[in-house]
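Quick look at data.txt (compact mmCIF, C-alpha atoms):
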```
# COMPACT_ATOMS: atom_id res chain seq x y z
CA MET A 1 -46.06 35.39 243.22
CA LYS A 2 -48.98 37.18 241.56
CA THR A 3 -49.00 38.01 237.83
CA GLU A 4 -48.93 41.74 238.50
CA ASP A 5 -45.77 41.24 240.60
CA PHE A 6 -44.04 39.71 237.57
CA LEU A 7 -44.93 42.77 235.51
CA SER A 8 -43.87 45.35 238.08
CA ASP A 9 -40.98 47.67 237.26
CA GLU A 10 -39.09 46.69 240.42
CA PHE A 11 -39.27 43.00 239.55
CA LEU A 12 -38.16 43.49 235.92
CA LYS A 13 -35.23 45.72 236.93
CA GLN A 14 -33.39 42.72 238.38
CA PHE A 15 -32.79 41.42 234.87
CA LYS A 16 -29.86 43.29 233.37
CA THR A 17 -29.80 41.44 230.03
CA GLY A 18 -32.21 39.65 227.74
CA GLU A 19 -30.34 36.43 228.44
CA GLN A 20 -31.06 36.69 232.17
CA LEU A 21 -34.76 37.23 231.49
CA ASN A 22 -34.78 34.30 229.07
CA GLU A 23 -33.17 32.05 231.71
CA PHE A 24 -35.80 33.07 234.26
CA LEU A 25 -38.68 32.44 231.82
CA SER A 26 -37.10 29.10 230.90
CA SER A 27 -37.08 28.05 234.55
CA ILE A 28 -40.74 29.06 234.85
CA GLN A 29 -41.59 27.03 231.77
CA LYS A 30 -39.65 24.00 233.11
CA ARG A 31 -41.58 24.11 236.34
CA ALA A 32 -44.89 24.52 234.51
CA ILE A 33 -44.19 21.57 232.20
CA GLU A 34 -43.26 19.30 235.11
CA LYS A 35 -46.42 20.30 237.03
CA MET A 36 -48.55 19.63 233.94
CA LEU A 37 -46.91 16.21 233.53
CA GLU A 38 -47.73 15.41 237.15
CA GLY A 39 -51.32 16.38 236.45
CA GLU A 40 -51.38 14.13 233.38
CA LEU A 41 -50.17 11.20 235.47
CA ASP A 42 -52.84 11.90 238.10
CA ASP A 43 -55.45 11.71 235.37
CA HIS A 44 -53.89 8.54 233.92
CA LEU A 45 -53.91 6.76 237.28
CA GLY A 46 -57.29 8.09 238.35
CA TYR A 47 -56.18 9.52 241.70
CA ASP A 48 -54.02 12.34 243.03
CA LYS A 49 -50.65 11.96 244.68
CA HIS A 50 -50.86 10.77 248.33
CA GLN A 51 -54.47 9.60 247.85
CA GLN A 52 -55.50 6.01 248.50
CA SER A 53 -56.61 3.96 245.50
CA ASP A 54 -57.42 0.38 244.52
CA ASN A 55 -55.57 0.88 241.23
CA PRO A 56 -52.64 -1.60 241.19
CA ASN A 57 -50.72 0.80 238.97
CA ALA A 58 -48.87 3.46 240.94
CA ARG A 59 -46.25 6.19 240.64
CA ASN A 60 -42.71 4.97 240.11
CA GLY A 61 -40.40 7.93 240.51
CA HIS A 62 -39.13 10.10 237.69
CA GLY A 63 -36.98 9.87 234.62
CA LYS A 64 -34.92 12.66 233.08
CA LYS A 65 -35.55 13.86 229.54
CA LYS A 66 -34.05 16.61 227.39
CA ILE A 67 -36.60 18.61 225.44
CA LYS A 68 -36.52 21.57 223.07
CA THR A 69 -38.82 24.52 223.69
CA GLY A 70 -39.22 28.12 222.64
CA TYR A 71 -36.74 29.06 225.38
CA GLY A 72 -34.09 26.60 224.23
CA GLN A 73 -33.08 23.14 225.37
CA MET A 74 -33.86 22.04 228.94
CA GLU A 75 -33.82 18.89 231.04
CA ILE A 76 -37.07 17.97 232.79
CA GLU A 77 -38.21 15.24 235.18
CA VAL A 78 -40.95 13.06 233.72
CA PRO A 79 -43.07 11.06 236.19
CA ARG A 80 -43.33 7.30 235.60
CA ASP A 81 -45.79 4.58 236.53
CA ARG A 82 -45.06 0.96 237.43
CA GLU A 83 -46.77 -0.48 234.34
CA ALA A 84 -44.94 1.95 232.02
CA SER A 85 -48.29 2.69 230.36
CA PHE A 86 -48.12 6.45 230.93
CA ASN A 87 -47.46 8.38 227.68
CA PRO A 88 -47.69 12.14 228.27
CA ILE A 89 -49.66 14.21 225.76
CA LEU A 90 -47.55 17.30 226.41
CA VAL A 91 -44.23 15.58 225.68
CA PRO A 92 -44.95 12.11 224.20
CA LYS A 93 -42.49 9.25 224.46
CA ARG A 94 -39.71 9.32 221.88
CA GLU A 95 -40.48 13.00 221.21
CA SER A 96 -38.16 15.78 222.28
CA MET A 97 -39.94 18.91 221.12
CA VAL A 98 -42.97 20.64 222.60
CA GLU A 99 -45.91 21.11 220.24
CA GLY A 100 -45.77 24.90 220.24
CA LEU A 101 -42.29 24.90 218.73
CA GLU A 102 -43.36 22.42 216.05
CA GLU A 103 -46.14 24.84 215.11
CA VAL A 104 -43.55 27.61 214.81
CA MET A 105 -41.55 25.48 212.36
CA VAL A 106 -44.64 24.64 210.33
CA SER A 107 -45.49 28.34 210.18
CA MET A 108 -41.98 29.18 208.98
CA TYR A 109 -42.27 26.50 206.31
CA ALA A 110 -45.66 27.89 205.28
CA LYS A 111 -44.12 31.32 204.78
CA GLY A 112 -41.67 29.90 202.24
CA MET A 113 -38.60 29.25 204.38
CA SER A 114 -36.49 26.31 203.25
CA VAL A 115 -35.47 23.49 205.59
CA SER A 116 -31.95 24.92 205.83
CA ASP A 117 -33.35 28.39 206.61
CA ILE A 118 -35.49 26.93 209.40
CA GLN A 119 -32.48 25.06 210.82
CA GLU A 120 -30.43 28.26 210.91
CA HIS A 121 -33.27 30.31 212.40
CA VAL A 122 -33.91 27.78 215.19
CA LYS A 123 -30.21 27.66 216.01
CA ASP A 124 -29.93 31.47 216.12
CA VAL A 125 -33.09 32.10 218.14
CA TYR A 126 -33.53 28.98 220.31
CA LYS A 127 -29.86 27.97 220.68
CA PHE A 128 -30.12 24.31 219.71
CA ASP A 129 -29.65 22.22 216.59
CA VAL A 130 -32.52 20.49 214.85
CA SER A 131 -31.87 18.06 212.00
CA SER A 132 -33.30 18.45 208.51
CA SER A 133 -34.97 15.04 208.90
CA THR A 134 -36.75 16.27 212.05
CA ILE A 135 -38.06 19.36 210.24
CA SER A 136 -39.20 17.22 207.30
CA ARG A 137 -40.94 14.84 209.70
CA ILE A 138 -42.75 17.74 211.40
CA THR A 139 -43.91 19.33 208.13
CA SER A 140 -44.86 15.93 206.68
CA ARG A 141 -47.54 15.58 209.35
CA VAL A 142 -49.36 18.24 207.37
CA ALA A 143 -50.22 15.55 204.80
CA GLU A 144 -52.65 14.00 207.28
CA ASP A 145 -54.25 17.42 207.88
CA ILE A 146 -54.64 17.92 204.12
CA ILE A 147 -56.51 14.63 203.69
CA ALA A 148 -58.91 15.46 206.53
CA TRP A 149 -59.40 19.04 205.33
CA GLN A 150 -59.92 18.07 201.70
CA ASN A 151 -62.58 15.51 202.62
CA ARG A 152 -64.47 17.52 205.25
CA PRO A 153 -68.23 18.06 204.75
CA LEU A 154 -69.28 21.37 203.19
CA GLU A 155 -72.28 23.65 203.65
CA THR A 156 -75.31 22.71 201.54
CA VAL A 157 -75.48 26.18 199.93
CA TYR A 158 -72.88 28.84 199.16
CA LEU A 159 -73.94 32.28 197.98
CA ILE A 160 -70.91 32.75 195.73
CA VAL A 161 -68.07 30.45 194.73
CA TRP A 162 -64.97 31.93 193.12
CA MET A 163 -62.82 29.51 191.11
CA ASP A 164 -59.38 29.91 189.60
CA GLY A 165 -56.18 28.00 188.94
CA ILE A 166 -52.55 28.77 189.77
CA VAL A 167 -49.64 27.19 187.91
CA PHE A 168 -46.51 25.67 189.50
CA LYS A 169 -43.49 23.88 188.14
CA VAL A 170 -43.35 20.30 189.40
CA ARG A 171 -40.86 17.52 188.69
CA GLU A 172 -42.39 14.42 187.10
CA ASN A 173 -40.52 11.52 185.47
CA SER A 174 -37.21 13.43 185.52
CA LYS A 175 -38.79 16.45 183.81
CA VAL A 176 -40.08 19.74 185.22
CA ILE A 177 -43.58 20.42 183.91
CA ASN A 178 -46.37 22.90 184.62
CA LYS A 179 -49.20 21.74 186.84
CA THR A 180 -52.25 23.64 188.02
CA VAL A 181 -53.59 23.85 191.55
CA TYR A 182 -57.35 24.42 191.24
CA ILE A 183 -58.78 26.49 194.10
CA ALA A 184 -62.39 27.22 195.05
CA VAL A 185 -63.44 29.81 197.65
CA GLY A 186 -67.03 30.02 198.87
CA LEU A 187 -69.06 32.75 200.56
CA ARG A 188 -71.11 31.14 203.31
CA THR A 189 -74.55 32.17 204.50
CA ASP A 190 -72.97 33.83 207.55
CA GLY A 191 -70.92 36.19 205.37
CA TYR A 192 -67.55 34.54 205.95
CA LYS A 193 -65.24 33.27 203.22
CA GLU A 194 -64.03 29.67 203.20
CA VAL A 195 -61.52 27.83 201.02
CA LEU A 196 -63.51 24.82 199.85
CA GLY A 197 -60.56 22.84 198.61
CA MET A 198 -57.56 22.50 196.31
CA TRP A 199 -56.94 19.99 193.56
CA LEU A 200 -53.81 19.32 191.51
CA GLY A 201 -53.97 18.61 187.79
CA LYS A 202 -52.22 19.50 184.58
CA ASN A 203 -53.08 22.54 182.44
CA GLU A 204 -56.32 24.22 183.49
CA THR A 205 -59.25 22.75 181.57
CA SER A 206 -63.02 22.74 181.94
CA ALA A 207 -62.87 18.92 181.96
CA TYR A 208 -60.80 18.93 185.14
CA TRP A 209 -63.07 21.53 186.71
CA LEU A 210 -65.88 19.03 186.19
CA SER A 211 -64.14 16.61 188.55
CA VAL A 212 -63.62 19.46 191.06
CA LEU A 213 -67.31 20.40 191.01
CA THR A 214 -68.30 16.75 191.31
CA ASP A 215 -66.07 16.42 194.38
CA LEU A 216 -67.70 19.49 195.96
CA LYS A 217 -71.12 17.97 195.41
CA SER A 218 -70.07 14.63 196.89
CA ARG A 219 -69.06 16.47 200.08
CA GLY A 220 -72.56 17.85 200.62
CA LEU A 221 -72.68 21.01 198.51
CA GLN A 222 -76.12 21.05 196.86
CA ASP A 223 -76.41 24.54 195.39
CA ILE A 224 -74.24 27.50 194.35
CA LEU A 225 -76.20 30.69 193.74
CA ILE A 226 -73.49 32.52 191.76
CA THR A 227 -70.11 31.39 190.43
CA ALA A 228 -67.32 33.78 189.47
CA THR A 229 -64.71 32.39 187.08
CA ASP A 230 -62.21 33.31 184.38
CA ASN A 231 -63.28 32.95 180.74
CA LEU A 232 -61.92 29.44 180.28
CA ASN A 233 -63.55 27.86 177.26
CA GLY A 234 -66.50 25.66 178.22
CA PHE A 235 -66.38 26.57 181.91
CA THR A 236 -69.97 27.84 182.13
CA THR A 237 -71.35 24.68 180.51
CA THR A 238 -69.31 22.56 182.91
CA ILE A 239 -70.69 24.39 185.95
CA ARG A 240 -74.28 23.99 184.77
CA THR A 241 -73.72 20.28 184.28
CA VAL A 242 -73.27 19.89 188.04
CA PHE A 243 -75.13 22.95 189.40
CA PRO A 244 -77.75 23.74 186.73
CA GLU A 245 -79.36 26.68 188.59
CA SER A 246 -76.11 28.55 189.24
CA SER A 247 -75.62 31.97 187.63
CA THR A 248 -72.11 32.17 186.17
CA GLN A 249 -70.27 35.49 185.94
CA ILE A 250 -67.09 35.62 183.85
CA CYS A 251 -64.44 37.87 185.39
CA VAL A 252 -64.49 41.27 183.67
CA VAL A 253 -60.85 41.90 184.62
CA HIS A 254 -59.80 38.72 182.80
CA GLN A 255 -61.79 39.92 179.78
CA ILE A 256 -60.05 43.30 179.85
CA ARG A 257 -56.62 41.64 180.00
CA ASN A 258 -57.45 39.36 177.08
CA SER A 259 -58.75 42.31 175.06
CA MET A 260 -55.59 44.32 175.71
CA ARG A 261 -53.27 41.55 174.60
CA TYR A 262 -52.93 42.81 171.02
CA VAL A 263 -53.53 46.53 171.52
CA VAL A 264 -50.52 48.69 170.66
CA TRP A 265 -49.11 50.91 173.36
CA LYS A 266 -50.27 54.26 171.97
CA ASP A 267 -53.92 53.08 171.90
CA ARG A 268 -54.04 51.44 175.31
CA LYS A 269 -55.15 54.37 177.43
CA GLU A 270 -58.03 55.34 175.14
CA PHE A 271 -58.99 51.69 174.49
CA THR A 272 -59.15 50.99 178.22
CA ARG A 273 -61.27 54.08 178.87
CA ASP A 274 -63.76 53.02 176.19
CA MET A 275 -64.03 49.51 177.66
CA LYS A 276 -64.84 51.02 181.04
CA ASP A 277 -67.95 52.57 179.48
CA ILE A 278 -69.16 49.01 178.85
CA TYR A 279 -68.70 47.34 182.24
CA GLY A 280 -69.27 50.59 184.14
CA ALA A 281 -72.69 51.16 182.56
CA PRO A 282 -75.70 51.34 184.91
CA THR A 283 -77.73 48.69 183.02
CA ARG A 284 -77.23 45.84 180.57
CA GLU A 285 -78.98 47.88 177.86
CA ALA A 286 -76.62 50.82 178.38
CA ALA A 287 -73.69 48.41 178.32
CA ALA A 288 -74.87 46.95 175.00
CA ALA A 289 -75.09 50.46 173.54
CA ALA A 290 -71.55 51.18 174.78
CA LEU A 291 -70.35 47.96 173.14
CA ASP A 292 -71.91 49.05 169.82
CA GLY A 293 -70.03 52.34 170.01
CA PHE A 294 -66.86 50.48 171.01
CA GLU A 295 -67.21 48.23 167.97
CA GLN A 296 -67.76 51.11 165.56
CA LYS A 297 -64.64 52.86 166.84
CA TRP A 298 -62.19 49.97 167.14
CA ALA A 299 -63.36 47.05 164.97
CA GLY A 300 -61.10 48.09 162.12
CA LYS A 301 -57.95 47.72 164.26
CA TYR A 302 -58.89 45.25 166.97
CA ALA A 303 -61.59 42.94 165.65
CA TYR A 304 -60.43 40.10 167.92
CA ALA A 305 -61.12 42.12 171.07
CA ILE A 306 -64.60 43.07 169.87
CA ARG A 307 -65.44 39.47 168.98
CA SER A 308 -64.26 38.28 172.41
CA TRP A 309 -66.65 40.70 174.16
CA LYS A 310 -69.56 39.66 171.94
CA ASP A 311 -68.87 35.91 172.22
CA ASN A 312 -68.84 36.07 176.04
CA TRP A 313 -71.53 38.75 176.38
CA GLU A 314 -74.15 36.70 178.26
CA GLU A 315 -71.71 35.53 180.97
CA LEU A 316 -69.90 38.89 181.14
CA THR A 317 -73.09 40.79 181.95
CA VAL A 318 -74.68 38.50 184.56
CA PHE A 319 -73.72 41.00 187.27
CA PHE A 320 -76.22 43.51 185.82
CA ASP A 321 -79.01 41.23 187.13
CA PHE A 322 -78.07 42.09 190.72
CA PRO A 323 -78.01 45.18 192.98
CA ILE A 324 -74.83 47.23 193.16
CA ASP A 325 -73.55 45.66 196.41
CA ILE A 326 -73.63 42.16 194.89
CA ARG A 327 -72.27 43.42 191.56
CA GLN A 328 -69.13 44.69 193.24
CA ILE A 329 -68.44 41.27 194.71
CA ILE A 330 -69.00 39.09 191.64
CA TYR A 331 -67.91 40.99 188.55
CA THR A 332 -64.24 40.08 189.10
CA THR A 333 -62.33 37.19 190.63
CA ASN A 334 -60.11 39.66 192.51
CA LEU A 335 -60.77 37.89 195.80
CA ILE A 336 -59.28 34.61 194.67
CA GLU A 337 -56.55 36.34 192.64
CA ASN A 338 -55.49 38.17 195.81
CA LEU A 339 -55.39 34.79 197.52
CA ASN A 340 -53.26 33.43 194.68
CA GLY A 341 -50.93 36.40 195.16
CA LYS A 342 -50.43 35.46 198.81
CA ILE A 343 -49.75 31.85 197.80
CA ARG A 344 -47.11 33.11 195.36
CA LYS A 345 -45.59 35.20 198.14
CA TYR A 346 -45.27 32.18 200.41
CA THR A 347 -43.92 29.87 197.67
CA LYS A 348 -41.68 32.30 195.77
CA ASN A 349 -38.50 30.72 197.15
CA LYS A 350 -39.41 27.39 195.54
CA LEU A 351 -38.59 27.59 191.84
CA SER A 352 -39.94 24.07 191.35
CA PHE A 353 -41.32 21.28 193.51
CA PRO A 354 -39.88 17.75 193.67
CA ASN A 355 -43.29 16.04 193.52
CA ASP A 356 -47.06 16.52 193.77
CA ASP A 357 -47.13 16.08 197.55
CA ALA A 358 -44.62 18.88 198.03
CA VAL A 359 -46.64 21.43 196.04
CA LEU A 360 -49.89 20.46 197.77
CA LYS A 361 -48.27 20.73 201.19
CA SER A 362 -46.88 24.19 200.43
CA VAL A 363 -50.11 25.51 198.94
CA TYR A 364 -52.18 24.12 201.82
CA LEU A 365 -49.96 25.82 204.40
CA ALA A 366 -50.06 29.07 202.41
CA LEU A 367 -53.87 28.88 202.27
CA ARG A 368 -53.98 28.24 206.00
CA GLU A 369 -51.82 31.28 206.72
CA ALA A 370 -53.70 33.57 204.32
CA SER A 371 -57.16 32.58 205.56
CA LYS A 372 -56.25 33.29 209.19
CA LYS A 373 -57.12 36.92 208.42
CA TRP A 374 -60.65 36.05 207.32
CA THR A 375 -62.06 36.91 210.74
CA MET A 376 -64.91 39.20 209.67
CA PRO A 377 -67.91 38.90 207.33
CA ILE A 378 -67.59 40.63 203.96
CA ARG A 379 -68.24 44.37 203.75
CA ASN A 380 -71.87 45.51 204.05
CA TRP A 381 -72.87 41.94 204.90
CA GLY A 382 -76.28 42.84 206.30
CA ILE A 383 -77.28 44.62 203.09
CA VAL A 384 -75.82 41.88 200.87
CA LEU A 385 -77.61 39.10 202.77
CA ASN A 386 -80.97 40.88 202.52
CA GLN A 387 -80.50 41.27 198.77
CA PHE A 388 -79.69 37.57 198.40
CA LEU A 389 -82.75 36.64 200.46
CA ILE A 390 -85.00 38.76 198.24
CA ILE A 391 -83.57 37.34 194.99
CA PHE A 392 -82.97 33.72 196.04
CA GLY A 393 -85.40 33.31 198.93
CA ASP A 394 -86.71 29.95 197.73
CA ARG A 395 -83.16 28.48 197.54
CA LEU A 396 -81.64 30.14 200.58
CA LYS A 397 -82.26 29.12 204.18
CA VAL A 398 -80.44 31.10 206.90
```

Write the structure described by the file as structure tokens, please.
Amino acid sequence: MKTEDFLSDEFLKQFKTGEQLNEFLSSIQKRAIEKMLEGELDDHLGYDKHQQSDNPNARNGHGKKKIKTGYGQMEIEVPRDREASFNPILVPKRESMVEGLEEVMVSMYAKGMSVSDIQEHVKDVYKFDVSSSTISRITSRVAEDIIAWQNRPLETVYLIVWMDGIVFKVRENSKVINKTVYIAVGLRTDGYKEVLGMWLGKNETSAYWLSVLTDLKSRGLQDILITATDNLNGFTTTIRTVFPESSTQICVVHQIRNSMRYVVWKDRKEFTRDMKDIYGAPTREAAAAALDGFEQKWAGKYAYAIRSWKDNWEELTVFFDFPIDIRQIIYTTNLIENLNGKIRKYTKNKLSFPNDDAVLKSVYLALREASKKWTMPIRNWGIVLNQFLIIFGDRLKV
């Protein structure tokens, strides 16, 4: 039967209920799986059924096996060989679940569903029971993916690398403590974003970031043109220790938040508007003049905020060295904070994690889900790339 015949109105009318349609699709899947297994055996033996061959190994009937698929549980016939050396890729020995369904479970886990939630969902939708140990075994395979992903080679140059940390509660030695997952996201020379890695440590420090940057370099990264970070003490010095030519931009949004910390409610609107005159200025000189006016107006009440702007002035105003299209990308760490928000969304059901492996597994799966949407280069990529080539032509090869 042709595909268009399956989709015809007359054909579909024969199914009065969703259950009838599901049974039909299940039978189609059963037949397809069995045909694919026959094809796998042909490949294993090196000759098709009914062909002559010098291979002493030969077909040896079929065995029955119950498997679990997206259409529920079914019994299939698995072809055998005399030497019992045939191990199907589609449904391996001692496995009872097709790979597609395992991916569904991993995706559910990535979106924050607990093991018990996944069990209930599978039972409701696919009409069979799956044990908690099976689900844990399936999601634990992610650990191997994490190791391979975390150690993969990187590009030699990234135009921009955004770096930030996100805090989780993790159990350690019978206590629940805060630990930080350090995340770095790079902008490649083709305009696409890429999560470079994740690292788990205790409270965010520039000393730990040093080990992160060293790891990036050991994986082939030779140069970062611009880094965008929060205003963690000593961070800029740490970056220049490993990547001395990198321009480091401190996130203006972080600076604004820190400045607002001690501002009373009635002053906040006016205080915020005056700060905007600083970072919204057309040039560094105009920004410095706006800061002088800001200081004259508010130093008497909020000296700490003024001092914070002045202490971080060089790193806060790096974005003025670049054209407007690059400025808009680097003056905040919004990109990575948005990513952190998605991670929080996927992990919000987990108030704390039992160990380090559990938090890394959850964050990795959340990163994998979130980055699936990174299917296009950044906005105005052609313009941005040309500006980078003009400014960094001697360090940039595309």

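Nearest to Leu339 (chain A) of all the residues A:Ile177, A:Leu159, A:Ala281, A:Ile166 is A:Ile166, counting all atoms listed in the file.
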
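Of the residues under consideration (A:Ala299, A:Met376, A:Val318, A:Leu37), A:Val318 shows the shortest atom-to-atom contact distance to Ala287 (chain A) when counting all atoms listed in the file.
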
When you draw a straight line from CA of Ser218 (chain A) to CA of Leu154 (chain A), how long is it in Å?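 According to the coordinates, CA of Ser218 (chain A) and CA of Leu154 (chain A) are separated by 9.3 Å.
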
Which of these, A:Asp215, A:Glu194, A:Glu295, A:Glu315, has the shortest distance to Ile250 (chain A) once you count all atoms listed in the file? A:Glu315

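From CA of Trp199 (chain A) back to CA of Val181 (chain A), the distance works out to 5.5 Å.
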
Produce the centre coordinates and the three edge lengths, each in Å to one decimal, of the box along x, y and z that contains all listed atoms of region 321-324 of chain A with 5 Å added on each side, as AutoDock Vina command-line options.
```
--center_x -76.9 --center_y 44.2 --center_z 190.1 --size_x 14.2 --size_y 16.0 --size_z 16.0
```

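CA of Asp394 (chain A) to CA of Phe320 (chain A) spans 20.9 Å [interatomic distance, one decimal].
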
Minimum-distance residue to Val167 (chain A), chosen among A:Val363, A:Ile226, A:Ile329, A:Leu316 (using only C-alpha atoms):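 Of the candidates, the smallest distance to Val167 (chain A) is held by A:Val363.
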
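If you count all atoms listed in the file and ignore residues fewer than 6 places along the chain from Ile146 (chain A), what sits within 9 Å of it is Leu360, Lys361 and Tyr364 of chain A.
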
Selection from above, C-alpha atoms, as a tab-separated table (two decimals), keeping the file's coordinate frame, can you write it?
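Written out: out.tsv:
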```tsv
chain	number	residue	atom	x	y	z
A	360	LEU	CA	-49.89	20.46	197.77
A	361	LYS	CA	-48.27	20.73	201.19
A	364	TYR	CA	-52.18	24.12	201.82
```

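Minimum distance to Asn380 (chain A) across A:Ser133, A:Asn151, A:Gln328, A:Thr333 (counting all atoms listed in the file) occurs at A:Gln328.
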
Counting all atoms listed in the file, the option among A:Ser247, A:Thr237, A:Ser132, A:Gln150 closest to Glu120 (chain A):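 Of all the options, A:Ser132 lies closest to Glu120 (chain A).
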
I'd like the contact shell of Met108 (chain A) - 10 Å cut-off, only C-alpha atoms, skipping same-chain residues fewer than 5 positions apart - returned as an MDAnalysis selection string. chainID A and resid 102:103 113:115 117:118 121 346 365

Tyr192 (chain A) surroundings by all atoms listed in the file, 7 Å radius, close-in-sequence under 5 positions cut, as a list of chain:residue names: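 With the cut-off at 7 Å, the set is A:Leu187, A:Met376, A:Pro377, A:Ile378.
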
Within 12 Å of Asp54 (chain A) using all atoms listed in the file, minus same-chain residues under 6 positions, as a ChimeraX atom specification: /A:45-47
